[in-house]
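These notes concern the structure reproduced below.
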Amino acid sequence: MKEKCLIIITGMSATGKTTNGIKIASKLGMPFFSKDRIKEILFDATCNEDATYEDKRKIGAASYDILYHDTEVLMKSGYSFILESNFVKQSSDILKKLISKYNYNSITIRFEADLKVLHERFLERENTTNRHKGLVANGAFDDFKEFEKLSNKCKEFKINDNEIVIDTTDFSNIDIDEIVGNINRRM
């Protein structure tokens, strides 16, 4: 890719954004920046295992600030790169301004799935010892209605019509090569 390109990977929780985003970045040879990875680093530096959900939300907000700062630094230098998070409407306003300011092309890859399947995945992931303590929601979304509200906020994120929607209800149906081909055709 010769043009300045920002690829935004977004979607609801437990859709496989990070796992698949890393694969896409590898195939495209592009740097990959995940809000959750920044949050993990900040959590490890500032919190203990007894952190409340509100503590984690504050770290999450700081993580977004760092992600947007890094985005602008990369754009000033003209690099193409990938951002990943469960972005919401406020994120689209911030990213649109940066895209316009630095004259970037952008494409959004939106991961979606059946909401009941996602909630089951989310709950399973929340209760494993593998999940980073800074990312565990402390029961805030155990109730399906609360999870649905969170998921609906993710649907409000929109940059432009250059969007690829991937259904991850069944992970075995995801074809990374097909996604990368679609990205290359669009850019």
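In the structure tokens, chains take the letters A, B, ... in the order shown, each chain's residues start at 1, and ligands count up from 1 in the order shown.
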
| task | Quick one: pick out all strand (DSSP E) residues within chain A from a backbone DSSP run and write them as a ChimeraX atom specification. | result | /A:5-11,32-34,81-84,105-112,163-167

Put those residues in a file: C-alpha atoms, as a tab-separated table (two decimals), in the first residue's frame.
```
chain	number	residue	atom	x	y	z
A	5	CYS	CA	-3.95	4.27	5.14
A	6	LEU	CA	-5.65	3.85	8.50
A	7	ILE	CA	-7.40	0.53	9.03
A	8	ILE	CA	-9.81	0.56	11.94
A	9	ILE	CA	-10.89	-2.73	13.44
A	10	THR	CA	-13.96	-2.41	15.61
A	11	GLY	CA	-16.96	-4.30	16.86
A	32	PHE	CA	-1.12	-2.95	14.98
A	33	PHE	CA	-2.26	-0.85	17.95
A	34	SER	CA	-4.82	-2.21	20.40
A	81	PHE	CA	-1.26	1.33	10.46
A	82	ILE	CA	-4.13	-0.51	12.16
A	83	LEU	CA	-6.12	0.55	15.24
A	84	GLU	CA	-8.28	-1.92	17.14
A	105	ASN	CA	-7.60	7.01	3.50
A	106	SER	CA	-9.45	4.80	5.94
A	107	ILE	CA	-11.25	1.52	5.97
A	108	THR	CA	-13.25	0.08	8.83
A	109	ILE	CA	-13.43	-3.63	9.49
A	110	ARG	CA	-16.42	-4.28	11.71
A	111	PHE	CA	-16.66	-7.61	13.50
A	112	GLU	CA	-20.21	-8.65	14.41
A	163	GLU	CA	-16.50	-0.66	5.64
A	164	ILE	CA	-16.13	-4.43	5.64
A	165	VAL	CA	-18.47	-6.35	7.94
A	166	ILE	CA	-17.30	-9.75	9.16
A	167	ASP	CA	-19.68	-12.19	10.86
```

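Residues lying within 6 Å of range 62-66 of chain A, counting only C-alpha atoms and ignoring same-chain neighbours fewer than 4 positions away, are Lys35, Ile38 and Lys39 of chain A.
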
Output file for the selection above: C-alpha atoms, as a tab-separated table (two decimals), in the first residue's frame:
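Written file, again-v3.tsv:
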```
chain	number	residue	atom	x	y	z
A	35	LYS	CA	-6.51	-0.06	23.05
A	38	ILE	CA	-2.40	-0.14	26.28
A	39	LYS	CA	-4.94	-0.64	29.08
```

Could you give me, as a Markdown table, a per-residue list for range 2-85 of chain A showing, wherever an atom lies at most 12 Å from an atom of range 136-143 of chain A, the closest pair of atoms and their distance in Å to one decimal, using only C-alpha atoms and sorting by chain then residue number from low to high?
```
| residue | atom | partner | partner_atom | distance |
| --- | --- | --- | --- | --- |
| A:Ser13 | CA | A:Phe141 | CA | 10.5 |
| A:Asp36 | CA | A:Val136 | CA | 11.0 |
| A:Lys39 | CA | A:Val136 | CA | 11.3 |
| A:Glu40 | CA | A:Val136 | CA | 10.5 |
| A:Phe43 | CA | A:Val136 | CA | 11.3 |
| A:Glu49 | CA | A:Val136 | CA | 10.3 |
| A:Asp50 | CA | A:Asn138 | CA | 10.0 |
| A:Ala51 | CA | A:Asn138 | CA | 9.2 |
| A:Thr52 | CA | A:Asn138 | CA | 7.3 |
| A:Tyr53 | CA | A:Asn138 | CA | 5.9 |
| A:Glu54 | CA | A:Ala137 | CA | 9.4 |
| A:Asp55 | CA | A:Ala137 | CA | 10.6 |
| A:Lys56 | CA | A:Ala137 | CA | 8.1 |
| A:Arg57 | CA | A:Ala137 | CA | 9.1 |
| A:Gly60 | CA | A:Ala137 | CA | 11.4 |
```

**Q.** Residue set, range 14-160 of chain A restricted to alpha helix (DSSP H), as a ChimeraX atom specification
**A.** /A:17-28,35-46,53-77,89-101,115-126,144-155

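For Asp175 in chain A, the list of residues within 12 Å, based on only C-alpha atoms and with local chain neighbours fewer than 4 positions off taken out, reads Asn20, Lys23, Ile24, Ile166, Asp167, Thr168, Asp170, Phe171, Ile179, Val180, Gly181 and Asn182 of chain A.
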
I need the residues from that last selection saved to file as an mmCIF file, in the first residue's frame (with N, CA and C atoms), if you can.
```cif
data_model
loop_
_atom_site.group_PDB
_atom_site.id
_atom_site.type_symbol
_atom_site.label_atom_id
_atom_site.label_comp_id
_atom_site.auth_asym_id
_atom_site.auth_seq_id
_atom_site.Cartn_x
_atom_site.Cartn_y
_atom_site.Cartn_z
ATOM 1 N N ASN A 20 -7.972 -11.624 15.291
ATOM 2 C CA ASN A 20 -8.008 -11.501 13.835
ATOM 3 C C ASN A 20 -7.266 -10.259 13.351
ATOM 4 N N LYS A 23 -3.652 -11.026 12.942
ATOM 5 C CA LYS A 23 -3.431 -11.807 11.717
ATOM 6 C C LYS A 23 -3.477 -10.914 10.481
ATOM 7 N N ILE A 24 -4.436 -10.010 10.446
ATOM 8 C CA ILE A 24 -4.563 -9.088 9.307
ATOM 9 C C ILE A 24 -3.323 -8.199 9.225
ATOM 10 N N ILE A 166 -17.667 -8.338 9.024
ATOM 11 C CA ILE A 166 -17.301 -9.753 9.158
ATOM 12 C C ILE A 166 -18.163 -10.385 10.244
ATOM 13 N N ASP A 167 -18.870 -11.453 9.895
ATOM 14 C CA ASP A 167 -19.676 -12.191 10.865
ATOM 15 C C ASP A 167 -18.787 -13.226 11.549
ATOM 16 N N THR A 168 -18.625 -13.085 12.857
ATOM 17 C CA THR A 168 -17.766 -14.003 13.613
ATOM 18 C C THR A 168 -18.569 -14.914 14.535
ATOM 19 N N ASP A 170 -19.426 -17.823 13.962
ATOM 20 C CA ASP A 170 -18.675 -19.078 13.895
ATOM 21 C C ASP A 170 -17.255 -18.732 13.434
ATOM 22 N N PHE A 171 -16.301 -18.782 14.370
ATOM 23 C CA PHE A 171 -14.922 -18.407 14.061
ATOM 24 C C PHE A 171 -14.323 -19.214 12.906
ATOM 25 N N ILE A 179 -10.306 -11.408 3.709
ATOM 26 C CA ILE A 179 -10.409 -10.072 4.304
ATOM 27 C C ILE A 179 -9.279 -9.181 3.789
ATOM 28 N N VAL A 180 -8.064 -9.708 3.780
ATOM 29 C CA VAL A 180 -6.913 -8.931 3.310
ATOM 30 C C VAL A 180 -7.073 -8.579 1.831
ATOM 31 N N GLY A 181 -7.557 -9.510 1.030
ATOM 32 C CA GLY A 181 -7.818 -9.223 -0.382
ATOM 33 C C GLY A 181 -8.836 -8.107 -0.544
ATOM 34 N N ASN A 182 -9.882 -8.150 0.271
ATOM 35 C CA ASN A 182 -10.920 -7.122 0.238
ATOM 36 C C ASN A 182 -10.333 -5.763 0.634
#
```

Between A:Ala14, A:Lys27, A:Leu115, A:Glu3, smallest distance to Gly78 in chain A by only C-alpha atoms belongs to A:Glu3

Separating CA of His69 in chain A from CA of Glu156 in chain A, to the nearest tenth of an Å, is a gap of 22.3 Å
